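Source file: start_7.pdb; contents: PDB, C-alpha atoms, pLDDT in the B column.
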```pdb
ATOM      1  CA  MET A   1      23.896  24.872 -19.942  1.00 47.00           C
ATOM      2  CA  THR A   2      27.053  26.403 -21.323  1.00 51.00           C
ATOM      3  CA  LYS A   3      26.855  28.932 -24.145  1.00 50.00           C
ATOM      4  CA  PRO A   4      28.085  26.545 -26.877  1.00 49.00           C
ATOM      5  CA  THR A   5      25.628  23.875 -25.701  1.00 49.00           C
ATOM      6  CA  ARG A   6      22.735  26.365 -25.697  1.00 51.00           C
ATOM      7  CA  PHE A   7      23.685  27.575 -29.168  1.00 45.00           C
ATOM      8  CA  LEU A   8      23.822  24.018 -30.528  1.00 40.00           C
ATOM      9  CA  ALA A   9      20.468  23.230 -28.886  1.00 46.00           C
ATOM     10  CA  ALA A  10      18.891  26.315 -30.500  1.00 48.00           C
ATOM     11  CA  VAL A  11      20.324  25.426 -33.915  1.00 43.00           C
ATOM     12  CA  ALA A  12      19.030  21.860 -33.547  1.00 45.00           C
ATOM     13  CA  CYS A  13      15.541  23.172 -32.674  1.00 47.00           C
ATOM     14  CA  VAL A  14      15.500  25.449 -35.713  1.00 46.00           C
ATOM     15  CA  ALA A  15      16.689  22.555 -37.909  1.00 46.00           C
ATOM     16  CA  ALA A  16      14.001  20.268 -36.489  1.00 45.00           C
ATOM     17  CA  VAL A  17      11.330  22.872 -37.154  1.00 45.00           C
ATOM     18  CA  GLY A  18      12.652  23.305 -40.686  1.00 46.00           C
ATOM     19  CA  GLY A  19      12.651  19.574 -41.365  1.00 44.00           C
ATOM     20  CA  ALA A  20       9.182  19.043 -39.943  1.00 41.00           C
ATOM     21  CA  GLY A  21       7.823  22.085 -41.757  1.00 41.00           C
ATOM     22  CA  THR A  22       8.670  20.728 -45.185  1.00 40.00           C
ATOM     23  CA  ALA A  23       6.484  17.677 -44.667  1.00 42.00           C
ATOM     24  CA  VAL A  24       3.291  19.710 -44.140  1.00 47.00           C
ATOM     25  CA  ALA A  25       4.121  22.606 -46.438  1.00 43.00           C
ATOM     26  CA  ALA A  26       2.230  23.568 -49.551  1.00 57.00           C
ATOM     27  CA  ASP A  27       3.918  24.119 -52.905  1.00 68.00           C
ATOM     28  CA  GLY A  28       5.314  27.565 -53.644  1.00 80.00           C
ATOM     29  CA  PRO A  29       7.561  30.090 -51.952  1.00 87.00           C
ATOM     30  CA  THR A  30       7.447  30.906 -48.267  1.00 87.00           C
ATOM     31  CA  GLN A  31       6.248  34.458 -47.676  1.00 91.00           C
ATOM     32  CA  ILE A  32       7.219  36.379 -44.562  1.00 92.00           C
ATOM     33  CA  ALA A  33       6.093  39.866 -43.605  1.00 95.00           C
ATOM     34  CA  VAL A  34       7.474  41.740 -40.601  1.00 96.00           C
ATOM     35  CA  GLN A  35       6.308  45.116 -39.360  1.00 96.00           C
ATOM     36  CA  ALA A  36       6.722  47.154 -36.205  1.00 95.00           C
ATOM     37  CA  ALA A  37       4.013  46.760 -33.578  1.00 96.00           C
ATOM     38  CA  PRO A  38       3.072  49.575 -31.202  1.00 96.00           C
ATOM     39  CA  THR A  39       5.403  49.857 -28.211  1.00 97.00           C
ATOM     40  CA  LEU A  40       3.656  49.220 -24.902  1.00 98.00           C
ATOM     41  CA  SER A  41       4.748  51.206 -21.861  1.00 97.00           C
ATOM     42  CA  ALA A  42       3.930  51.657 -18.177  1.00 96.00           C
ATOM     43  CA  GLY A  43       0.220  51.791 -17.416  1.00 97.00           C
ATOM     44  CA  GLN A  44      -0.909  49.938 -20.552  1.00 98.00           C
ATOM     45  CA  THR A  45      -2.245  46.390 -20.269  1.00 98.00           C
ATOM     46  CA  ALA A  46       0.306  43.586 -20.634  1.00 98.00           C
ATOM     47  CA  PRO A  47      -0.712  41.094 -23.376  1.00 97.00           C
ATOM     48  CA  PHE A  48       1.111  38.083 -21.843  1.00 97.00           C
ATOM     49  CA  ASP A  49       2.799  36.733 -18.720  1.00 97.00           C
ATOM     50  CA  ALA A  50       6.501  37.561 -19.030  1.00 96.00           C
ATOM     51  CA  ALA A  51       8.544  34.488 -18.112  1.00 94.00           C
ATOM     52  CA  GLY A  52      11.014  35.317 -15.360  1.00 94.00           C
ATOM     53  CA  VAL A  53       9.656  38.856 -14.913  1.00 96.00           C
ATOM     54  CA  ARG A  54       7.070  38.583 -12.151  1.00 95.00           C
ATOM     55  CA  PRO A  55       5.681  42.153 -12.361  1.00 96.00           C
ATOM     56  CA  VAL A  56       4.573  41.793 -16.019  1.00 97.00           C
ATOM     57  CA  ARG A  57       1.358  39.740 -16.057  1.00 97.00           C
ATOM     58  CA  ARG A  58      -1.334  39.356 -18.738  1.00 97.00           C
ATOM     59  CA  GLY A  59      -4.293  41.665 -18.213  1.00 97.00           C
ATOM     60  CA  LYS A  60      -2.496  43.764 -15.587  1.00 98.00           C
ATOM     61  CA  PRO A  61      -0.960  47.241 -16.078  1.00 98.00           C
ATOM     62  CA  ILE A  62       2.691  47.235 -17.141  1.00 98.00           C
ATOM     63  CA  PRO A  63       4.732  48.499 -14.152  1.00 97.00           C
ATOM     64  CA  ARG A  64       6.719  51.724 -14.214  1.00 97.00           C
ATOM     65  CA  GLY A  65      10.163  51.285 -15.754  1.00 97.00           C
ATOM     66  CA  TYR A  66       9.159  48.521 -18.192  1.00 98.00           C
ATOM     67  CA  VAL A  67       8.743  48.867 -21.968  1.00 98.00           C
ATOM     68  CA  LEU A  68       7.507  46.140 -24.371  1.00 98.00           C
ATOM     69  CA  ILE A  69       8.862  46.524 -27.906  1.00 98.00           C
ATOM     70  CA  GLY A  70       7.026  44.461 -30.516  1.00 97.00           C
ATOM     71  CA  GLN A  71       7.386  43.220 -34.070  1.00 97.00           C
ATOM     72  CA  GLN A  72       4.476  41.619 -35.883  1.00 97.00           C
ATOM     73  CA  VAL A  73       5.289  38.537 -37.971  1.00 96.00           C
ATOM     74  CA  ASP A  74       3.170  36.880 -40.669  1.00 95.00           C
ATOM     75  CA  VAL A  75       4.534  33.617 -42.128  1.00 91.00           C
ATOM     76  CA  GLN A  76       2.849  31.770 -45.009  1.00 90.00           C
ATOM     77  CA  ARG A  77       4.795  28.526 -45.336  1.00 86.00           C
ATOM     78  CA  GLY A  78       5.628  27.342 -48.824  1.00 83.00           C
ATOM     79  CA  ALA A  79       7.700  24.443 -50.134  1.00 69.00           C
ATOM     80  CA  ARG A  80      10.588  25.329 -47.834  1.00 71.00           C
ATOM     81  CA  SER A  81      10.681  26.301 -44.208  1.00 74.00           C
ATOM     82  CA  ALA A  82      11.927  29.802 -43.529  1.00 82.00           C
ATOM     83  CA  GLY A  83      11.972  32.303 -40.716  1.00 86.00           C
ATOM     84  CA  ALA A  84      12.719  35.939 -40.064  1.00 91.00           C
ATOM     85  CA  ALA A  85      15.600  37.347 -38.046  1.00 94.00           C
ATOM     86  CA  LEU A  86      14.229  40.090 -35.791  1.00 96.00           C
ATOM     87  CA  LEU A  87      16.502  42.716 -34.213  1.00 96.00           C
ATOM     88  CA  PHE A  88      15.327  44.111 -30.891  1.00 97.00           C
ATOM     89  CA  ARG A  89      17.000  47.124 -29.267  1.00 97.00           C
ATOM     90  CA  CYS A  90      15.870  48.513 -25.933  1.00 97.00           C
ATOM     91  CA  PRO A  91      15.691  52.275 -25.405  1.00 96.00           C
ATOM     92  CA  ARG A  92      18.789  53.944 -23.970  1.00 95.00           C
ATOM     93  CA  GLY A  93      19.253  53.083 -20.308  1.00 96.00           C
ATOM     94  CA  LYS A  94      17.182  49.865 -20.475  1.00 97.00           C
ATOM     95  CA  THR A  95      18.196  46.241 -21.053  1.00 98.00           C
ATOM     96  CA  LEU A  96      16.428  43.062 -22.191  1.00 98.00           C
ATOM     97  CA  ARG A  97      14.788  40.864 -19.558  1.00 97.00           C
ATOM     98  CA  THR A  98      12.743  38.316 -21.544  1.00 97.00           C
ATOM     99  CA  PHE A  99      10.492  37.835 -24.591  1.00 97.00           C
ATOM    100  CA  GLY A 100       6.835  37.017 -25.044  1.00 96.00           C
ATOM    101  CA  VAL A 101       4.505  36.190 -27.941  1.00 95.00           C
ATOM    102  CA  VAL A 102       0.912  37.045 -28.721  1.00 96.00           C
ATOM    103  CA  GLY A 103      -0.479  34.803 -31.471  1.00 95.00           C
ATOM    104  CA  ASN A 104       0.956  31.605 -32.908  1.00 92.00           C
ATOM    105  CA  ALA A 105       4.276  32.706 -34.402  1.00 88.00           C
ATOM    106  CA  GLY A 106       7.179  30.972 -32.672  1.00 86.00           C
ATOM    107  CA  PHE A 107      10.661  32.277 -31.990  1.00 91.00           C
ATOM    108  CA  THR A 108      14.029  31.226 -30.652  1.00 92.00           C
ATOM    109  CA  ALA A 109      16.914  33.225 -29.226  1.00 91.00           C
ATOM    110  CA  THR A 110      20.302  31.972 -30.350  1.00 86.00           C
ATOM    111  CA  ARG A 111      22.352  33.734 -27.659  1.00 90.00           C
ATOM    112  CA  ASP A 112      22.136  34.889 -24.063  1.00 94.00           C
ATOM    113  CA  TYR A 113      20.374  38.265 -24.202  1.00 96.00           C
ATOM    114  CA  VAL A 114      19.471  38.999 -20.565  1.00 96.00           C
ATOM    115  CA  ARG A 115      20.824  42.399 -19.459  1.00 96.00           C
ATOM    116  CA  HIS A 116      22.035  43.210 -22.987  1.00 97.00           C
ATOM    117  CA  ARG A 117      20.608  46.236 -24.796  1.00 97.00           C
ATOM    118  CA  GLN A 118      19.996  44.435 -28.096  1.00 96.00           C
ATOM    119  CA  THR A 119      19.762  40.967 -29.615  1.00 97.00           C
ATOM    120  CA  THR A 120      18.454  39.116 -32.632  1.00 96.00           C
ATOM    121  CA  VAL A 121      15.865  36.339 -32.417  1.00 96.00           C
ATOM    122  CA  VAL A 122      14.581  34.055 -35.166  1.00 93.00           C
ATOM    123  CA  SER A 123      10.813  33.871 -35.693  1.00 90.00           C
ATOM    124  CA  PHE A 124       9.139  30.997 -37.560  1.00 86.00           C
ATOM    125  CA  ALA A 125       5.812  29.268 -38.066  1.00 84.00           C
ATOM    126  CA  PRO A 126       5.242  26.211 -35.864  1.00 85.00           C
ATOM    127  CA  PRO A 127       5.814  22.972 -37.842  1.00 84.00           C
ATOM    128  CA  THR A 128       2.126  21.989 -37.799  1.00 86.00           C
ATOM    129  CA  LEU A 129       0.880  25.266 -39.309  1.00 88.00           C
ATOM    130  CA  GLU A 130       1.078  26.500 -42.890  1.00 88.00           C
ATOM    131  CA  HIS A 131       0.142  30.041 -41.846  1.00 91.00           C
ATOM    132  CA  ALA A 132       1.137  31.735 -38.591  1.00 92.00           C
ATOM    133  CA  THR A 133       0.806  35.289 -37.339  1.00 95.00           C
ATOM    134  CA  GLY A 134       1.791  36.860 -34.091  1.00 95.00           C
ATOM    135  CA  THR A 135       3.671  39.604 -32.344  1.00 97.00           C
ATOM    136  CA  VAL A 136       6.990  38.969 -30.634  1.00 96.00           C
ATOM    137  CA  TYR A 137       7.667  41.387 -27.751  1.00 97.00           C
ATOM    138  CA  ALA A 138      10.954  42.178 -26.014  1.00 97.00           C
ATOM    139  CA  VAL A 139      10.554  43.118 -22.360  1.00 98.00           C
ATOM    140  CA  CYS A 140      12.967  45.926 -21.471  1.00 98.00           C
ATOM    141  CA  ARG A 141      13.753  47.484 -18.106  1.00 97.00           C
TER     142      ARG A 141
END
```

Structure translated into structure tokens:
Amino acid sequence: MTKPTRFLAAVACVAAVGGAGTAVAADGPTQIAVQAAPTLSAGQTAPFDAAGVRPVRRGKPIPRGYVLIGQQVDVQRGARSAGAALLFRCPRGKTLRTFGVVGNAGFTATRDYVRHRQTTVVSFAPPTLEHATGTVYAVCR
């Protein structure tokens, strides 16, 4: 897919999630809390299988050279669908490879981030849930 096509597809997905979320939402404001999660480094156990990064596998030690930077998201859906924009920046000398999630918070990347040092992703609650929590991790190498 070309970059404009990917961007339009991502925007359409976010719009679809927003439209579907309003149908199941409770009355009141949407509340979103974001906080830093502990960074995971080489030797610690990987919490997920990293798509496209074969060495990072759930339950196995994170290989040397990799760092997983996390942000914990808690979304309580209200009358309107909303999400949080999360900025991820890899440590100096490392670049982004992929993302992974632990929990049921969803996310979408609106641009090509592979081999860039930083990017922003949008995190949201899945359309069928009124409350979602999870940690979004950036895999850096």

* To do: For each of A:Thr135, A:Gln35, A:Ser81, A:Ser41, take the minimum atom-to-atom distance to Gly103 in chain A, counting only C-alpha atoms, then give the residue where this is smallest.
  =>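 Nearest candidate to Gly103 in chain A out of A:Thr135, A:Gln35, A:Ser81, A:Ser41: A:Thr135.
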
* To do: Tell me, as a PyMOL selection string, which residues lie within 12 Å of range 61-63 of chain A, counting all atoms listed in the file; anything in the same chain fewer than 5 positions away does not count.
  => chain A and resi 39-50+53-56+68+139-141

Dump as a PDB file with C-alpha atoms, keeping the file's coordinate frame all residues having an atom at most 8 Å from (4.9, 40.8, -29.4), computed in the file's coordinates with all atoms listed in the file.
```pdb
ATOM      1  CA  ALA A  37       4.013  46.760 -33.578  1.00 96.00           C
ATOM      2  CA  LEU A  68       7.507  46.140 -24.371  1.00 98.00           C
ATOM      3  CA  ILE A  69       8.862  46.524 -27.906  1.00 98.00           C
ATOM      4  CA  GLY A  70       7.026  44.461 -30.516  1.00 97.00           C
ATOM      5  CA  GLN A  71       7.386  43.220 -34.070  1.00 97.00           C
ATOM      6  CA  GLN A  72       4.476  41.619 -35.883  1.00 97.00           C
ATOM      7  CA  PHE A  99      10.492  37.835 -24.591  1.00 97.00           C
ATOM      8  CA  GLY A 100       6.835  37.017 -25.044  1.00 96.00           C
ATOM      9  CA  VAL A 101       4.505  36.190 -27.941  1.00 95.00           C
ATOM     10  CA  VAL A 102       0.912  37.045 -28.721  1.00 96.00           C
ATOM     11  CA  GLY A 134       1.791  36.860 -34.091  1.00 95.00           C
ATOM     12  CA  THR A 135       3.671  39.604 -32.344  1.00 97.00           C
ATOM     13  CA  VAL A 136       6.990  38.969 -30.634  1.00 96.00           C
ATOM     14  CA  TYR A 137       7.667  41.387 -27.751  1.00 97.00           C
ATOM     15  CA  ALA A 138      10.954  42.178 -26.014  1.00 97.00           C
TER      16      ALA A 138
END
```

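Evaluated on this file, the PyMOL selection byres ((chain A and resi 118) around 7) matches A:Phe88, A:Arg89, A:Cys90, A:His116, A:Arg117, A:Thr119.
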
Keeping only C-alpha atoms, write the selected residues as a tab-separated table (two decimals), keeping the file's coordinate frame.
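Saved to again04.tsv:
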```
chain	number	residue	atom	x	y	z
A	88	PHE	CA	15.33	44.11	-30.89
A	89	ARG	CA	17.00	47.12	-29.27
A	90	CYS	CA	15.87	48.51	-25.93
A	116	HIS	CA	22.04	43.21	-22.99
A	117	ARG	CA	20.61	46.24	-24.80
A	119	THR	CA	19.76	40.97	-29.62
```

* What is the CA of Tyr113 in chain A to CA of Thr98 in chain A distance in Å? ->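 So the answer is 8.1 Å.
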
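Computed from the coordinates, the CA of Thr120 in chain A to CA of Pro38 in chain A distance equals 18.7 Å.
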
* Quick one: distance from CA of Gly52 in chain A to CA of Thr95 in chain A in Å, one decimal? -> 14.3 Å

* To do: Take the PyMOL selection byres ((chain A and resi 129-133) around 9), apply it to the structure above, and return the hits as a list in words.
  => Gly21, Val24, Ala25, Ala26, Gln72, Val73, Asp74, Val75, Gln76, Arg77, Gly78, Val102, Gly103, Asn104, Ala105, Gly106, Phe124, Ala125, Pro126, Pro127, Thr128, Gly134 and Thr135 of chain A

* **Target residues per the PyMOL selection byres ((chain A and resi 121) around 8), formatted as a list in words** => Ala85, Leu86, Leu87, Phe88, Phe107, Thr108, Ala109, Thr110, Thr119, Thr120, Val122 and Ser123 of chain A

Where atoms are missing, can you supply all heavy atoms for range 85-96 of chain A and output the lot as a PDB file, in the frame of the given file?
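File written: out.pdb
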```
ATOM      1  N   ALA A  85      14.727  36.899 -39.123  1.00 94.00           N
ATOM      2  CA  ALA A  85      15.600  37.347 -38.046  1.00 94.00           C
ATOM      3  C   ALA A  85      15.111  38.725 -37.601  1.00 94.00           C
ATOM      4  O   ALA A  85      14.990  39.638 -38.420  1.00 94.00           O
ATOM      5  CB  ALA A  85      17.044  37.428 -38.521  1.00 94.00           C
ATOM      6  N   LEU A  86      14.782  38.853 -36.330  1.00 96.00           N
ATOM      7  CA  LEU A  86      14.229  40.090 -35.791  1.00 96.00           C
ATOM      8  C   LEU A  86      15.231  40.731 -34.839  1.00 96.00           C
ATOM      9  O   LEU A  86      15.669  40.092 -33.877  1.00 96.00           O
ATOM     10  CB  LEU A  86      12.928  39.815 -35.037  1.00 96.00           C
ATOM     11  CG  LEU A  86      11.851  39.023 -35.770  1.00 96.00           C
ATOM     12  CD1 LEU A  86      10.700  38.720 -34.831  1.00 96.00           C
ATOM     13  CD2 LEU A  86      11.385  39.785 -36.980  1.00 96.00           C
ATOM     14  N   LEU A  87      15.588  41.983 -35.089  1.00 96.00           N
ATOM     15  CA  LEU A  87      16.502  42.716 -34.213  1.00 96.00           C
ATOM     16  C   LEU A  87      15.684  43.519 -33.218  1.00 96.00           C
ATOM     17  O   LEU A  87      14.789  44.267 -33.604  1.00 96.00           O
ATOM     18  CB  LEU A  87      17.392  43.660 -35.026  1.00 96.00           C
ATOM     19  CG  LEU A  87      18.298  44.575 -34.205  1.00 96.00           C
ATOM     20  CD1 LEU A  87      19.343  43.754 -33.453  1.00 96.00           C
ATOM     21  CD2 LEU A  87      18.967  45.604 -35.090  1.00 96.00           C
ATOM     22  N   PHE A  88      15.974  43.346 -31.948  1.00 97.00           N
ATOM     23  CA  PHE A  88      15.327  44.111 -30.891  1.00 97.00           C
ATOM     24  C   PHE A  88      16.385  44.942 -30.181  1.00 97.00           C
ATOM     25  O   PHE A  88      17.432  44.423 -29.807  1.00 97.00           O
ATOM     26  CB  PHE A  88      14.645  43.189 -29.878  1.00 97.00           C
ATOM     27  CG  PHE A  88      13.401  42.540 -30.406  1.00 97.00           C
ATOM     28  CD1 PHE A  88      13.462  41.307 -31.018  1.00 97.00           C
ATOM     29  CD2 PHE A  88      12.178  43.185 -30.298  1.00 97.00           C
ATOM     30  CE1 PHE A  88      12.309  40.709 -31.506  1.00 97.00           C
ATOM     31  CE2 PHE A  88      11.021  42.596 -30.785  1.00 97.00           C
ATOM     32  CZ  PHE A  88      11.086  41.361 -31.391  1.00 97.00           C
ATOM     33  N   ARG A  89      16.088  46.226 -29.989  1.00 97.00           N
ATOM     34  CA  ARG A  89      17.000  47.124 -29.267  1.00 97.00           C
ATOM     35  C   ARG A  89      16.178  47.912 -28.256  1.00 97.00           C
ATOM     36  O   ARG A  89      15.230  48.603 -28.614  1.00 97.00           O
ATOM     37  CB  ARG A  89      17.694  48.089 -30.222  1.00 97.00           C
ATOM     38  CG  ARG A  89      18.633  49.045 -29.479  1.00 97.00           C
ATOM     39  CD  ARG A  89      19.386  49.957 -30.400  1.00 97.00           C
ATOM     40  NE  ARG A  89      20.313  49.130 -31.176  1.00 97.00           N
ATOM     41  CZ  ARG A  89      20.655  49.403 -32.430  1.00 97.00           C
ATOM     42  NH1 ARG A  89      20.163  50.437 -33.053  1.00 97.00           N
ATOM     43  NH2 ARG A  89      21.489  48.620 -33.059  1.00 97.00           N
ATOM     44  N   CYS A  90      16.555  47.783 -26.992  1.00 97.00           N
ATOM     45  CA  CYS A  90      15.870  48.513 -25.933  1.00 97.00           C
ATOM     46  C   CYS A  90      16.251  49.988 -25.977  1.00 97.00           C
ATOM     47  O   CYS A  90      17.343  50.344 -26.443  1.00 97.00           O
ATOM     48  CB  CYS A  90      16.255  47.951 -24.561  1.00 97.00           C
ATOM     49  SG  CYS A  90      15.596  46.305 -24.249  1.00 97.00           S
ATOM     50  N   PRO A  91      15.355  50.859 -25.479  1.00 96.00           N
ATOM     51  CA  PRO A  91      15.691  52.275 -25.405  1.00 96.00           C
ATOM     52  C   PRO A  91      16.924  52.495 -24.527  1.00 96.00           C
ATOM     53  O   PRO A  91      17.235  51.667 -23.656  1.00 96.00           O
ATOM     54  CB  PRO A  91      14.459  52.907 -24.752  1.00 96.00           C
ATOM     55  CG  PRO A  91      13.363  51.917 -24.916  1.00 96.00           C
ATOM     56  CD  PRO A  91      14.021  50.572 -24.988  1.00 96.00           C
ATOM     57  N   ARG A  92      17.582  53.619 -24.738  1.00 95.00           N
ATOM     58  CA  ARG A  92      18.789  53.944 -23.970  1.00 95.00           C
ATOM     59  C   ARG A  92      18.502  53.863 -22.461  1.00 95.00           C
ATOM     60  O   ARG A  92      17.472  54.316 -22.000  1.00 95.00           O
ATOM     61  CB  ARG A  92      19.268  55.347 -24.327  1.00 95.00           C
ATOM     62  CG  ARG A  92      20.599  55.697 -23.712  1.00 95.00           C
ATOM     63  CD  ARG A  92      21.112  57.007 -24.245  1.00 95.00           C
ATOM     64  NE  ARG A  92      21.272  56.976 -25.695  1.00 95.00           N
ATOM     65  CZ  ARG A  92      22.387  56.615 -26.321  1.00 95.00           C
ATOM     66  NH1 ARG A  92      23.423  56.239 -25.621  1.00 95.00           N
ATOM     67  NH2 ARG A  92      22.452  56.641 -27.635  1.00 95.00           N
ATOM     68  N   GLY A  93      19.393  53.214 -21.749  1.00 96.00           N
ATOM     69  CA  GLY A  93      19.253  53.083 -20.308  1.00 96.00           C
ATOM     70  C   GLY A  93      18.481  51.847 -19.861  1.00 96.00           C
ATOM     71  O   GLY A  93      18.365  51.594 -18.673  1.00 96.00           O
ATOM     72  N   LYS A  94      17.941  51.074 -20.809  1.00 97.00           N
ATOM     73  CA  LYS A  94      17.182  49.865 -20.475  1.00 97.00           C
ATOM     74  C   LYS A  94      17.863  48.652 -21.109  1.00 97.00           C
ATOM     75  O   LYS A  94      18.554  48.779 -22.106  1.00 97.00           O
ATOM     76  CB  LYS A  94      15.745  49.978 -20.974  1.00 97.00           C
ATOM     77  CG  LYS A  94      14.977  51.121 -20.320  1.00 97.00           C
ATOM     78  CD  LYS A  94      13.520  51.027 -20.618  1.00 97.00           C
ATOM     79  CE  LYS A  94      12.763  52.194 -20.034  1.00 97.00           C
ATOM     80  NZ  LYS A  94      12.724  52.215 -18.590  1.00 97.00           N
ATOM     81  N   THR A  95      17.629  47.475 -20.511  1.00 98.00           N
ATOM     82  CA  THR A  95      18.196  46.241 -21.053  1.00 98.00           C
ATOM     83  C   THR A  95      17.108  45.177 -21.163  1.00 98.00           C
ATOM     84  O   THR A  95      16.069  45.267 -20.523  1.00 98.00           O
ATOM     85  CB  THR A  95      19.346  45.709 -20.171  1.00 98.00           C
ATOM     86  OG1 THR A  95      18.858  45.496 -18.849  1.00 98.00           O
ATOM     87  CG2 THR A  95      20.522  46.679 -20.151  1.00 98.00           C
ATOM     88  N   LEU A  96      17.378  44.159 -21.968  1.00 98.00           N
ATOM     89  CA  LEU A  96      16.428  43.062 -22.191  1.00 98.00           C
ATOM     90  C   LEU A  96      16.291  42.198 -20.944  1.00 98.00           C
ATOM     91  O   LEU A  96      17.282  41.910 -20.276  1.00 98.00           O
ATOM     92  CB  LEU A  96      16.910  42.183 -23.347  1.00 98.00           C
ATOM     93  CG  LEU A  96      16.856  42.822 -24.726  1.00 98.00           C
ATOM     94  CD1 LEU A  96      17.758  42.080 -25.695  1.00 98.00           C
ATOM     95  CD2 LEU A  96      15.426  42.817 -25.235  1.00 98.00           C
TER      96      LEU A  96
END
```
